[in-house]
Every structure is written in C-alpha cells, then in structure tokens.
Amino acid sequence: MESMRVISIFMTHLSNYGNDRLGLYTFVNLANFVHTWTNLKLQTLPPVQLAHKYFELFPEQKDPLWQNPCDDKRHRDIWSKEKTCDRLPKFLVVGPQKTGTTALYLFLIMHPSIISNSPSPKTFEEVQFFNRNNYHRGIDWYMDFFPTPSNVTTDFLFEKSANYFHSEEVPRRAASLIPKAKIITILIDPSDRAYSWYQHQRSHEDPAALKFSFYQVITAGPRAPSELRALQKRCLAPGWYATHIERWLTYFPPYQLLIIDGQQLRTDPSTVMDEVQKFLGVSPHYNYSEALTFDSHKGFWCQLLEEGKTKCLGKSKGRKYPPMDSEISRALKKQCVVLSRYGPFGGVNTEPGLKSPNYMS
Ligand code: A3P
C-alpha cells in the first residue's frame, strides 16, 4: 500500500519565546510524544529548507499582506510593552504626482495636530512603503518613520506618497494594515497633469523625455520604440483616474475617500483646507485664510511667516515652461475624457447604488 505523506508545517512565533522557553519545550515534547506512541514517522528540515518547502507548497503566500497586529487582542496581550500600533498613519495622501500634492503636504503640516512621517533618505521625503519593495521590510520598518503620538485621539499622523494613487497593489495592502485610514487624492485635468509630468521629467534630465517631444509621447503607437512607449505609459497611466479610483473603492468605503479639485487647491487653498479639516475630523480648527498668502512673485499661495515673509514651495513646484500647444491640448483632452472615464481596461463600475466618494469642487 502506498504510504500517505502529510506535511504539516508548524510556525512558531518568535516574539512569544523572547523571555520564555516554554513554548519550544512543549513543542519538542509533543513531537517526542507522537513519535513514541504512534506509528507516524516525523521528519523535519533545518529552518531555511523548511521555509523553501513551505513556499513551494504555498507559493501564493510568498507575497505577504501585513495586517494590524493590534487588531487581535491575543496578539496585543503577548506583545512587548515597547511595541505600539499608534505609530501608523490615520490618513494617506496618495497623489497622483503633479496635481499639487506637495502644496497640500505643506499646508497640512502647518496644522498643529497633523504630523507627517520623517523623511526617507532613499526616496526623498516620501516613504513609499505600500507600492514598492519597502513593503517587504515589514511594519516595524514603516512605523519607525512615525513618532509616537503624544495624544492618540487628537494627533493625526499621515503620509504622502504620490505614486500610491495608480499602483495596483497599494489599495489592497493599505486596506489590510490601516483599514480605517482616510484616503486623500487630488485630481486636475489629466492632460495638464501629463504635460506637467513631462516637463518635470525633462527638468530631471530623463533621457527619454529629453529625446522625445510631448507630441511624440502622447501619439506613440504600438510600433514606436519601447523607450518611447514606456515613457508614454508612465506619463499617461496615472491619469486613468476612473480605473484607479474604482480600485481604491473596492478596498475602502466611499466615505473614507476625499477627492480634492487640484485647480481649486491652487486658486483657493483655504476653502479646500477647511473641507480637508472637516473630512478628517481634526481639531482645533486651523484658520488657513490667515495663515496663507498669495505670493505674486511665486504666482502661488504660500505659507505666511512672521514680518510678512513667505514660505513657498521650491523651484521644482510651479515651474515655468511654455504652455501646451493648443492643437495637442485639444487632442489630448479628447483622449483623456475617454481614458479617464473608461481607462485602458474597459468600463467603470456603474452599478446602481454605488455611493460616490467625497468630491470637492
Ligand atoms: P507645475 O510645476 O507643473 O506648475 P506635485 O507637488 O503633486 O508634484 O504638483 C506640482 C504642481 O502643484 C505644480 O505643477 C503646480 O502647478 C501645483 N501647485 C498647486 N498649488 C501650488 C502652490 N501653492 N505652490 C506651488 N505649486 C502648486
């Protein structure tokens, strides 16, 4: 008779055994007991080989999905006293890039109860935890970017990573770790966003953006050089707004999502910031109409400092570049209407009863 092979892999939880060998002792003795009193042939492997075996059997588990350890009381009870789940953001500013995310960031950190992450040396100011391989560094790595709040109820930790908006994996990962978090996105006309992004790449000397004109970027077809097609995708894909928002809404309820009109953020930021404060439920109410001023030299709203001085965003925000050619603008706007409504992958979910998120305009 063919013998039956059953593989059970027991995972032990290292932090449980930090100060106590009882778990390990029990485990070894259980194995000895089974070995002595049954016909079962127990076999094991060294930990690394065991891990390989495990992922051979369960390849889908190779990509972790972190959950909040504090959501489970049993976990909280055994966790070290030095550990906390309070160092996780209450809201995320998810982008997309070039819509005014840095201005929103500057305005947010002016509020006395809103606290951002400390800067990441690798990705400049953004942590970019949920979208890249940083995710595999785990939640302790992520939480180290945030201070322990002095008042958990009133302090609002947040993180702005402008590439979160269009990333395939971010909404699922964020919803798993911080399901109650609020999500803020800013939208502007997608053709203006694409053009601003193209100018941004040129000023960062992206070789492809220096080589190809904006017209070439937006009109490149399937036979265009791969370098140009890659640039086109990076330029236009974040602008497929409906596709990305639909993805966010499969993981977060609409009332947790705020969509800011980026044009209004640019021209009337204090009204936008009032809405943002209301949406977050943050207190005390901060008076942005007193704290912001229009700087005619910069051509944008800036933070008002003492003695009438201003703190504006640096040269890389609100860049000077020639306006978009009117022909290109017309063609792109037409294409954007189609793409932003239907995306490249088909129609958006128009089920009746699908509640809309919080729009600002
Ligand atoms: P341009 O540089 O193309 O004008 P982001 O911070 O997401 O990269 O967005 C940059 C864009 O924010 C700028 O694009 C600018 O138009 C817009 N913006 C909105 N309010 C601003 C402000 N107060 N100061 C500077 N730029 C602002």
# chains A, B, ... in the order shown; residues from 1 in each chain; ligands from 1
>>> select_by_dssp(residues="range 156-267 of chain A", states="helix (DSSP H, G or I)", output="VMD selection string")
chain A and resid 170 to 177 190 to 203 207 to 211 214 to 219 226 to 239 241 to 251 254 to 256 262 to 267
>>> write_last_selection(atoms="C-alpha atoms", output="JSON list (two decimals), in the first residue's frame")
[["chain", "number", "residue", "atom", "x", "y", "z"],
["A", 170, "VAL", "CA", -1.39, 49.78, -2.78],
["A", 171, "PRO", "CA", -5.16, 49.87, -2.05],
["A", 172, "ARG", "CA", -5.23, 46.19, -1.03],
["A", 173, "ARG", "CA", -2.13, 46.48, 1.12],
["A", 174, "ALA", "CA", -3.23, 49.74, 2.74],
["A", 175, "ALA", "CA", -6.71, 48.38, 3.46],
["A", 176, "SER", "CA", -5.18, 45.36, 5.15],
["A", 177, "LEU", "CA", -2.90, 47.31, 7.51],
["A", 190, "PRO", "CA", -5.42, 64.73, -16.77],
["A", 191, "SER", "CA", -3.91, 66.36, -19.88],
["A", 192, "ASP", "CA", -2.44, 69.19, -17.76],
["A", 193, "ARG", "CA", -1.15, 66.59, -15.34],
["A", 194, "ALA", "CA", 0.52, 64.64, -18.16],
["A", 195, "TYR", "CA", 2.16, 67.79, -19.53],
["A", 196, "SER", "CA", 3.38, 68.90, -16.10],
["A", 197, "TRP", "CA", 4.81, 65.41, -15.53],
["A", 198, "TYR", "CA", 6.58, 65.52, -18.90],
["A", 199, "GLN", "CA", 8.14, 68.90, -18.00],
["A", 200, "HIS", "CA", 9.12, 67.51, -14.61],
["A", 201, "GLN", "CA", 10.92, 64.57, -16.26],
["A", 202, "ARG", "CA", 12.74, 66.91, -18.64],
["A", 203, "SER", "CA", 13.97, 69.09, -15.84],
["A", 207, "PRO", "CA", 16.95, 60.90, -21.27],
["A", 208, "ALA", "CA", 13.73, 59.69, -22.93],
["A", 209, "ALA", "CA", 11.85, 62.90, -22.05],
["A", 210, "LEU", "CA", 14.74, 64.98, -23.42],
["A", 211, "LYS", "CA", 14.80, 62.93, -26.60],
["A", 214, "PHE", "CA", 5.45, 65.86, -25.82],
["A", 215, "TYR", "CA", 3.60, 65.35, -29.09],
["A", 216, "GLN", "CA", 5.64, 62.18, -29.77],
["A", 217, "VAL", "CA", 4.99, 60.96, -26.25],
["A", 218, "ILE", "CA", 1.24, 61.22, -26.43],
["A", 219, "THR", "CA", 0.87, 59.98, -30.01],
["A", 226, "SER", "CA", 9.96, 50.68, -26.48],
["A", 227, "GLU", "CA", 11.71, 53.56, -24.69],
["A", 228, "LEU", "CA", 9.05, 55.94, -26.01],
["A", 229, "ARG", "CA", 6.17, 53.62, -25.21],
["A", 230, "ALA", "CA", 7.48, 53.16, -21.66],
["A", 231, "LEU", "CA", 7.64, 56.94, -21.26],
["A", 232, "GLN", "CA", 4.12, 57.29, -22.65],
["A", 233, "LYS", "CA", 2.79, 54.78, -20.14],
["A", 234, "ARG", "CA", 4.49, 56.49, -17.21],
["A", 235, "CYS", "CA", 3.17, 59.82, -18.43],
["A", 236, "LEU", "CA", -0.44, 58.86, -19.09],
["A", 237, "ALA", "CA", -1.25, 55.88, -16.84],
["A", 238, "PRO", "CA", -1.64, 57.87, -13.58],
["A", 239, "GLY", "CA", -4.27, 59.92, -15.45],
["A", 241, "TYR", "CA", -8.48, 58.35, -12.97],
["A", 242, "ALA", "CA", -11.64, 56.26, -13.05],
["A", 243, "THR", "CA", -9.73, 52.98, -13.21],
["A", 244, "HIS", "CA", -7.59, 53.86, -10.22],
["A", 245, "ILE", "CA", -10.42, 55.32, -8.15],
["A", 246, "GLU", "CA", -12.51, 52.26, -8.84],
["A", 247, "ARG", "CA", -9.67, 50.13, -7.49],
["A", 248, "TRP", "CA", -9.45, 52.24, -4.32],
["A", 249, "LEU", "CA", -13.20, 51.90, -3.88],
["A", 250, "THR", "CA", -13.04, 48.12, -3.94],
["A", 251, "TYR", "CA", -10.96, 48.29, -0.78],
["A", 254, "PRO", "CA", -16.52, 55.88, -0.33],
["A", 255, "TYR", "CA", -16.87, 57.95, 2.85],
["A", 256, "GLN", "CA", -13.19, 57.31, 3.60],
["A", 262, "GLY", "CA", -6.47, 70.46, -7.68],
["A", 263, "GLN", "CA", -7.42, 73.58, -9.58],
["A", 264, "GLN", "CA", -9.27, 74.87, -6.52],
["A", 265, "LEU", "CA", -6.34, 73.91, -4.29],
["A", 266, "ARG", "CA", -4.22, 76.14, -6.47],
["A", 267, "THR", "CA", -6.54, 79.15, -6.54]]
>>> select_by_dssp(residues="range 184-335 of chain A", states="strand (DSSP E or B)", output="ChimeraX atom specification")
/A:184-187,257-261,292-295,300-304,310-311
>>> residues_near_ligand(ligand="ligand 1", cutoff="9 Å", atoms="only C-alpha atoms and all ligand atoms", output="PyMOL selection string")
chain A and resi 95-107+162+186+192-193+195-200+262-267+269+294+298-303+312-321
>>> write_last_selection(atoms="N, CA and C atoms", output="compact mmCIF listing (two decimals), in the first residue's frame")
# COMPACT_ATOMS: atom_id res chain seq x y z
N GLY A 95 -1.73 60.98 -4.04
CA GLY A 95 -1.34 61.52 -5.34
C GLY A 95 -2.56 61.75 -6.22
N PRO A 96 -2.42 61.65 -7.55
CA PRO A 96 -1.22 61.32 -8.30
C PRO A 96 -0.23 62.48 -8.36
N GLN A 97 0.96 62.15 -8.85
CA GLN A 97 2.03 63.15 -8.99
C GLN A 97 1.56 64.32 -9.86
N LYS A 98 2.04 65.49 -9.55
CA LYS A 98 1.85 66.72 -10.33
C LYS A 98 0.46 67.34 -10.22
N THR A 99 -0.26 66.97 -9.18
CA THR A 99 -1.60 67.55 -9.04
C THR A 99 -1.65 68.60 -7.93
N GLY A 100 -0.52 68.80 -7.24
CA GLY A 100 -0.49 69.76 -6.13
C GLY A 100 -0.26 69.05 -4.79
N THR A 101 0.27 67.83 -4.85
CA THR A 101 0.42 67.04 -3.61
C THR A 101 1.41 67.69 -2.63
N THR A 102 2.44 68.35 -3.15
CA THR A 102 3.42 68.95 -2.24
C THR A 102 2.83 70.19 -1.56
N ALA A 103 2.02 70.93 -2.31
CA ALA A 103 1.36 72.09 -1.70
C ALA A 103 0.42 71.62 -0.59
N LEU A 104 -0.33 70.57 -0.88
CA LEU A 104 -1.24 70.05 0.15
C LEU A 104 -0.44 69.59 1.37
N TYR A 105 0.68 68.94 1.11
CA TYR A 105 1.55 68.46 2.20
C TYR A 105 2.01 69.63 3.06
N LEU A 106 2.48 70.69 2.41
CA LEU A 106 2.96 71.88 3.15
C LEU A 106 1.83 72.46 4.00
N PHE A 107 0.64 72.55 3.42
CA PHE A 107 -0.48 73.14 4.16
C PHE A 107 -0.88 72.24 5.33
N ALA A 162 3.08 60.11 -3.57
CA ALA A 162 2.24 60.46 -4.73
C ALA A 162 2.10 59.32 -5.75
N ILE A 186 -5.92 64.04 -5.18
CA ILE A 186 -6.14 65.34 -5.82
C ILE A 186 -6.20 65.09 -7.32
N ASP A 192 -3.37 68.25 -18.41
CA ASP A 192 -2.44 69.19 -17.76
C ASP A 192 -1.47 68.43 -16.85
N ARG A 193 -1.99 67.40 -16.22
CA ARG A 193 -1.15 66.59 -15.34
C ARG A 193 -0.05 65.91 -16.15
N TYR A 195 1.20 66.82 -19.01
CA TYR A 195 2.16 67.79 -19.53
C TYR A 195 3.11 68.26 -18.42
N SER A 196 2.56 68.49 -17.24
CA SER A 196 3.38 68.90 -16.10
C SER A 196 4.39 67.80 -15.76
N TRP A 197 3.93 66.54 -15.82
CA TRP A 197 4.81 65.41 -15.53
C TRP A 197 5.94 65.33 -16.56
N TYR A 198 5.58 65.56 -17.83
CA TYR A 198 6.58 65.52 -18.90
C TYR A 198 7.65 66.61 -18.66
N GLN A 199 7.20 67.81 -18.29
CA GLN A 199 8.14 68.90 -18.00
C GLN A 199 9.01 68.57 -16.79
N HIS A 200 8.40 67.92 -15.81
CA HIS A 200 9.12 67.51 -14.61
C HIS A 200 10.25 66.53 -14.98
N GLY A 262 -7.81 69.87 -7.73
CA GLY A 262 -6.47 70.46 -7.68
C GLY A 262 -6.43 71.90 -8.17
N GLN A 263 -7.36 72.22 -9.07
CA GLN A 263 -7.42 73.58 -9.58
C GLN A 263 -7.85 74.53 -8.45
N GLN A 264 -8.80 74.06 -7.65
CA GLN A 264 -9.27 74.87 -6.52
C GLN A 264 -8.18 74.96 -5.44
N LEU A 265 -7.45 73.88 -5.26
CA LEU A 265 -6.34 73.91 -4.29
C LEU A 265 -5.34 74.99 -4.67
N ARG A 266 -5.18 75.16 -5.96
CA ARG A 266 -4.22 76.14 -6.47
C ARG A 266 -4.73 77.57 -6.30
N THR A 267 -6.02 77.78 -6.53
CA THR A 267 -6.54 79.15 -6.54
C THR A 267 -7.19 79.57 -5.22
N PRO A 269 -6.85 77.83 -1.75
CA PRO A 269 -6.45 76.73 -0.85
C PRO A 269 -7.13 76.76 0.51
N PHE A 294 -1.13 84.92 -0.91
CA PHE A 294 -0.74 84.75 -2.32
C PHE A 294 0.56 85.50 -2.55
N LYS A 298 6.02 84.39 -6.71
CA LYS A 298 5.96 82.94 -7.00
C LYS A 298 4.76 82.63 -7.91
N GLY A 299 3.69 83.41 -7.76
CA GLY A 299 2.49 83.15 -8.55
C GLY A 299 1.61 82.06 -7.93
N PHE A 300 1.88 81.75 -6.66
CA PHE A 300 1.11 80.70 -5.97
C PHE A 300 0.86 81.11 -4.52
N TRP A 301 -0.04 80.37 -3.86
CA TRP A 301 -0.28 80.58 -2.45
C TRP A 301 0.86 79.95 -1.64
N CYS A 302 1.25 80.66 -0.59
CA CYS A 302 2.39 80.22 0.22
C CYS A 302 2.05 80.40 1.70
N GLN A 303 2.89 79.83 2.55
CA GLN A 303 2.69 79.99 3.99
C GLN A 303 3.16 81.39 4.40
N CYS A 312 7.35 79.52 0.39
CA CYS A 312 6.70 78.93 -0.78
C CYS A 312 7.37 77.60 -1.10
N LEU A 313 6.78 76.84 -2.00
CA LEU A 313 7.44 75.62 -2.45
C LEU A 313 8.62 76.00 -3.33
N GLY A 314 9.59 75.11 -3.42
CA GLY A 314 10.82 75.40 -4.18
C GLY A 314 10.57 75.53 -5.68
N LYS A 315 11.68 75.73 -6.39
CA LYS A 315 11.62 75.98 -7.84
C LYS A 315 10.95 74.86 -8.62
N SER A 316 11.04 73.64 -8.08
CA SER A 316 10.53 72.49 -8.85
C SER A 316 9.01 72.40 -8.82
N LYS A 317 8.36 73.27 -8.03
CA LYS A 317 6.89 73.27 -7.99
C LYS A 317 6.40 74.61 -8.51
N GLY A 318 5.52 74.56 -9.48
CA GLY A 318 5.09 75.79 -10.14
C GLY A 318 6.19 76.23 -11.10
N ARG A 319 6.66 75.26 -11.88
CA ARG A 319 7.75 75.53 -12.83
C ARG A 319 7.29 76.45 -13.94
N LYS A 320 8.28 77.12 -14.53
CA LYS A 320 7.97 77.93 -15.72
C LYS A 320 8.30 77.08 -16.94
N TYR A 321 7.32 76.89 -17.80
CA TYR A 321 7.55 76.20 -19.07
C TYR A 321 6.51 76.69 -20.07
>>> closest_residue(among="A:Leu108, A:Ile184, A:Met143, A:Cys85", to="Asn68 in chain A", atoms="only C-alpha atoms")
A:Cys85
>>> atom_distance(atom1="CA of Asp268 in chain A", atom2="CA of His297 in chain A")
17.3 Å
>>> residues_around(residues="Thr153 in chain A", least_positions_apart="4", cutoff="10 Å", atoms="only C-alpha atoms", output="number ranges by chain")
A: 86, 149, 282
>>> closest_residue(among="A:Phe55, A:Phe156, A:Phe129, A:Phe145", to="Lys90 in chain A", atoms="only C-alpha atoms")
A:Phe156
>>> closest_residue(among="A:Lys311, A:Lys53, A:Pro284, A:Ser289", to="Val272 in chain A", atoms="only C-alpha atoms")
A:Ser289
>>> residues_around(residues="range 133-135 of chain A", least_positions_apart="5", cutoff="12 Å", atoms="only C-alpha atoms", output="list in words")
Asp63, Pro64, Leu65, Trp66, Ser120, Lys122, Thr123, Glu126, Val127, Gln128, Asp140, Trp141, Tyr142, Met143, Glu169, Val170, Arg173, Ala174 and Leu177 of chain A
>>> write_last_selection(atoms="N, CA, C and O atoms", output="PDB file, in the first residue's frame")
ATOM      1  N   ASP A  63       4.149  36.523  -1.161  1.00  0.00           N
ATOM      2  CA  ASP A  63       3.956  37.961  -1.054  1.00  0.00           C
ATOM      3  C   ASP A  63       3.123  38.228   0.196  1.00  0.00           C
ATOM      4  O   ASP A  63       1.942  37.893   0.237  1.00  0.00           O
ATOM      5  N   PRO A  64       3.716  38.810   1.222  1.00  0.00           N
ATOM      6  CA  PRO A  64       2.960  38.962   2.473  1.00  0.00           C
ATOM      7  C   PRO A  64       1.878  40.035   2.357  1.00  0.00           C
ATOM      8  O   PRO A  64       1.922  40.884   1.460  1.00  0.00           O
ATOM      9  N   LEU A  65       0.936  39.962   3.243  1.00  0.00           N
ATOM     10  CA  LEU A  65      -0.081  41.011   3.340  1.00  0.00           C
ATOM     11  C   LEU A  65      -0.182  41.360   4.818  1.00  0.00           C
ATOM     12  O   LEU A  65      -0.754  40.612   5.599  1.00  0.00           O
ATOM     13  N   TRP A  66       0.453  42.484   5.191  1.00  0.00           N
ATOM     14  CA  TRP A  66       0.518  42.819   6.610  1.00  0.00           C
ATOM     15  C   TRP A  66      -0.828  43.284   7.124  1.00  0.00           C
ATOM     16  O   TRP A  66      -1.513  44.077   6.484  1.00  0.00           O
ATOM     17  N   SER A 120      12.393  59.987   4.244  1.00  0.00           N
ATOM     18  CA  SER A 120      13.155  58.786   3.913  1.00  0.00           C
ATOM     19  C   SER A 120      14.402  59.202   3.149  1.00  0.00           C
ATOM     20  O   SER A 120      14.298  59.907   2.148  1.00  0.00           O
ATOM     21  N   LYS A 122      16.119  57.547   1.190  1.00  0.00           N
ATOM     22  CA  LYS A 122      16.195  56.905  -0.126  1.00  0.00           C
ATOM     23  C   LYS A 122      15.257  57.520  -1.140  1.00  0.00           C
ATOM     24  O   LYS A 122      15.601  57.648  -2.313  1.00  0.00           O
ATOM     25  N   THR A 123      14.050  57.853  -0.704  1.00  0.00           N
ATOM     26  CA  THR A 123      13.055  58.320  -1.681  1.00  0.00           C
ATOM     27  C   THR A 123      12.715  59.787  -1.427  1.00  0.00           C
ATOM     28  O   THR A 123      11.576  60.197  -1.596  1.00  0.00           O
ATOM     29  N   GLU A 126       9.368  61.057   0.578  1.00  0.00           N
ATOM     30  CA  GLU A 126       8.284  60.066   0.597  1.00  0.00           C
ATOM     31  C   GLU A 126       8.761  58.697   1.084  1.00  0.00           C
ATOM     32  O   GLU A 126       9.833  58.231   0.711  1.00  0.00           O
ATOM     33  N   VAL A 127       7.917  58.029   1.879  1.00  0.00           N
ATOM     34  CA  VAL A 127       8.293  56.709   2.399  1.00  0.00           C
ATOM     35  C   VAL A 127       8.113  55.638   1.324  1.00  0.00           C
ATOM     36  O   VAL A 127       8.930  54.730   1.194  1.00  0.00           O
ATOM     37  N   GLN A 128       7.043  55.746   0.552  1.00  0.00           N
ATOM     38  CA  GLN A 128       6.739  54.767  -0.497  1.00  0.00           C
ATOM     39  C   GLN A 128       6.819  53.352   0.043  1.00  0.00           C
ATOM     40  O   GLN A 128       7.584  52.525  -0.450  1.00  0.00           O
ATOM     41  N   ASP A 140       7.399  47.151  11.190  1.00  0.00           N
ATOM     42  CA  ASP A 140       8.268  47.862  12.146  1.00  0.00           C
ATOM     43  C   ASP A 140       9.086  48.915  11.398  1.00  0.00           C
ATOM     44  O   ASP A 140       9.287  50.025  11.868  1.00  0.00           O
ATOM     45  N   TRP A 141       9.551  48.537  10.223  1.00  0.00           N
ATOM     46  CA  TRP A 141      10.316  49.474   9.385  1.00  0.00           C
ATOM     47  C   TRP A 141       9.451  50.692   9.069  1.00  0.00           C
ATOM     48  O   TRP A 141       9.898  51.835   9.163  1.00  0.00           O
ATOM     49  N   TYR A 142       8.201  50.433   8.721  1.00  0.00           N
ATOM     50  CA  TYR A 142       7.280  51.518   8.368  1.00  0.00           C
ATOM     51  C   TYR A 142       7.010  52.408   9.583  1.00  0.00           C
ATOM     52  O   TYR A 142       7.093  53.637   9.500  1.00  0.00           O
ATOM     53  N   MET A 143       6.714  51.775  10.710  1.00  0.00           N
ATOM     54  CA  MET A 143       6.332  52.559  11.893  1.00  0.00           C
ATOM     55  C   MET A 143       7.484  53.418  12.409  1.00  0.00           C
ATOM     56  O   MET A 143       7.249  54.448  13.036  1.00  0.00           O
ATOM     57  N   GLU A 169      -1.056  47.479  -6.338  1.00  0.00           N
ATOM     58  CA  GLU A 169      -1.139  46.750  -5.068  1.00  0.00           C
ATOM     59  C   GLU A 169      -1.447  47.619  -3.850  1.00  0.00           C
ATOM     60  O   GLU A 169      -1.849  47.102  -2.821  1.00  0.00           O
ATOM     61  N   VAL A 170      -1.294  48.941  -3.978  1.00  0.00           N
ATOM     62  CA  VAL A 170      -1.395  49.784  -2.778  1.00  0.00           C
ATOM     63  C   VAL A 170      -2.766  49.714  -2.079  1.00  0.00           C
ATOM     64  O   VAL A 170      -2.812  49.515  -0.864  1.00  0.00           O
ATOM     65  N   ARG A 173      -3.072  46.523   0.005  1.00  0.00           N
ATOM     66  CA  ARG A 173      -2.127  46.483   1.122  1.00  0.00           C
ATOM     67  C   ARG A 173      -2.508  47.497   2.201  1.00  0.00           C
ATOM     68  O   ARG A 173      -2.443  47.199   3.382  1.00  0.00           O
ATOM     69  N   ALA A 174      -2.883  48.696   1.769  1.00  0.00           N
ATOM     70  CA  ALA A 174      -3.233  49.742   2.743  1.00  0.00           C
ATOM     71  C   ALA A 174      -4.489  49.330   3.505  1.00  0.00           C
ATOM     72  O   ALA A 174      -4.567  49.485   4.727  1.00  0.00           O
ATOM     73  N   LEU A 177      -3.626  46.826   6.315  1.00  0.00           N
ATOM     74  CA  LEU A 177      -2.904  47.315   7.509  1.00  0.00           C
ATOM     75  C   LEU A 177      -3.647  48.447   8.224  1.00  0.00           C
ATOM     76  O   LEU A 177      -3.691  48.485   9.453  1.00  0.00           O
TER      77      LEU A 177
END
>>> residues_around(residues="Met110 in chain A", least_positions_apart="5", cutoff="10 Å", atoms="only C-alpha atoms", output="list in words")
Tyr105, Ile115, Tyr286, Tyr288, Ala291, Leu292 and Gln303 of chain A
>>> closest_residue(among="A:Trp240, A:Gln61, A:Phe279, A:Lys81", to="Asp189 in chain A", atoms="only C-alpha atoms")
A:Trp240
>>> residues_around(residues="Cys70 in chain A", least_positions_apart="5", cutoff="9 Å", atoms="only C-alpha atoms", output="PyMOL selection string")
chain A and resi 75-76+79+84-85
>>> write_last_selection(atoms="N, CA and C atoms", output="compact mmCIF listing (two decimals), in the first residue's frame")
# COMPACT_ATOMS: atom_id res chain seq x y z
N HIS A 75 -2.95 38.95 20.40
CA HIS A 75 -1.65 39.42 19.96
C HIS A 75 -1.17 40.58 20.85
N ARG A 76 -2.13 41.48 21.12
CA ARG A 76 -1.79 42.63 21.96
C ARG A 76 -1.29 42.17 23.33
N TRP A 79 2.34 40.96 23.17
CA TRP A 79 3.34 41.82 22.53
C TRP A 79 4.16 42.57 23.58
N THR A 84 3.95 49.32 19.87
CA THR A 84 2.68 50.05 19.81
C THR A 84 2.18 50.03 18.37
N CYS A 85 0.90 50.17 18.20
CA CYS A 85 0.36 50.32 16.84
C CYS A 85 -0.08 51.76 16.62
>>> closest_residue(among="A:Pro89, A:Ile183, A:Phe58, A:Gly138", to="Leu157 in chain A", atoms="only C-alpha atoms")
A:Pro89
>>> decode(residues="range 85-104 of chain A", atoms="N, CA and C atoms", output="compact mmCIF listing (two decimals), in the first residue's frame")
# COMPACT_ATOMS: atom_id res chain seq x y z
N CYS A 85 0.90 50.17 18.20
CA CYS A 85 0.36 50.32 16.84
C CYS A 85 -0.08 51.76 16.62
N ASP A 86 0.28 52.63 17.54
CA ASP A 86 -0.13 54.03 17.40
C ASP A 86 0.73 54.78 16.37
N ARG A 87 1.82 54.15 15.96
CA ARG A 87 2.69 54.83 15.01
C ARG A 87 2.32 54.44 13.57
N LEU A 88 1.05 54.44 13.30
CA LEU A 88 0.58 54.18 11.94
C LEU A 88 -0.27 55.37 11.50
N PRO A 89 -0.25 55.69 10.20
CA PRO A 89 -0.97 56.89 9.76
C PRO A 89 -2.49 56.76 9.87
N LYS A 90 -3.13 57.91 10.17
CA LYS A 90 -4.59 57.94 10.16
C LYS A 90 -5.11 58.30 8.78
N PHE A 91 -4.23 58.88 7.96
CA PHE A 91 -4.67 59.14 6.58
C PHE A 91 -3.47 59.16 5.64
N LEU A 92 -3.78 58.91 4.37
CA LEU A 92 -2.74 58.90 3.33
C LEU A 92 -3.11 59.92 2.26
N VAL A 93 -2.11 60.66 1.80
CA VAL A 93 -2.29 61.48 0.59
C VAL A 93 -1.64 60.68 -0.53
N VAL A 94 -2.47 60.21 -1.48
CA VAL A 94 -1.99 59.18 -2.39
C VAL A 94 -1.57 59.70 -3.77
N GLY A 95 -1.73 60.98 -4.04
CA GLY A 95 -1.34 61.52 -5.34
C GLY A 95 -2.56 61.75 -6.22
N PRO A 96 -2.42 61.65 -7.55
CA PRO A 96 -1.22 61.32 -8.30
C PRO A 96 -0.23 62.48 -8.36
N GLN A 97 0.96 62.15 -8.85
CA GLN A 97 2.03 63.15 -8.99
C GLN A 97 1.56 64.32 -9.86
N LYS A 98 2.04 65.49 -9.55
CA LYS A 98 1.85 66.72 -10.33
C LYS A 98 0.46 67.34 -10.22
N THR A 99 -0.26 66.97 -9.18
CA THR A 99 -1.60 67.55 -9.04
C THR A 99 -1.65 68.60 -7.93
N GLY A 100 -0.52 68.80 -7.24
CA GLY A 100 -0.49 69.76 -6.13
C GLY A 100 -0.26 69.05 -4.79
N THR A 101 0.27 67.83 -4.85
CA THR A 101 0.42 67.04 -3.61
C THR A 101 1.41 67.69 -2.63
N THR A 102 2.44 68.35 -3.15
CA THR A 102 3.42 68.95 -2.24
C THR A 102 2.83 70.19 -1.56
N ALA A 103 2.02 70.93 -2.31
CA ALA A 103 1.36 72.09 -1.70
C ALA A 103 0.42 71.62 -0.59
N LEU A 104 -0.33 70.57 -0.88
CA LEU A 104 -1.24 70.05 0.15
C LEU A 104 -0.44 69.59 1.37
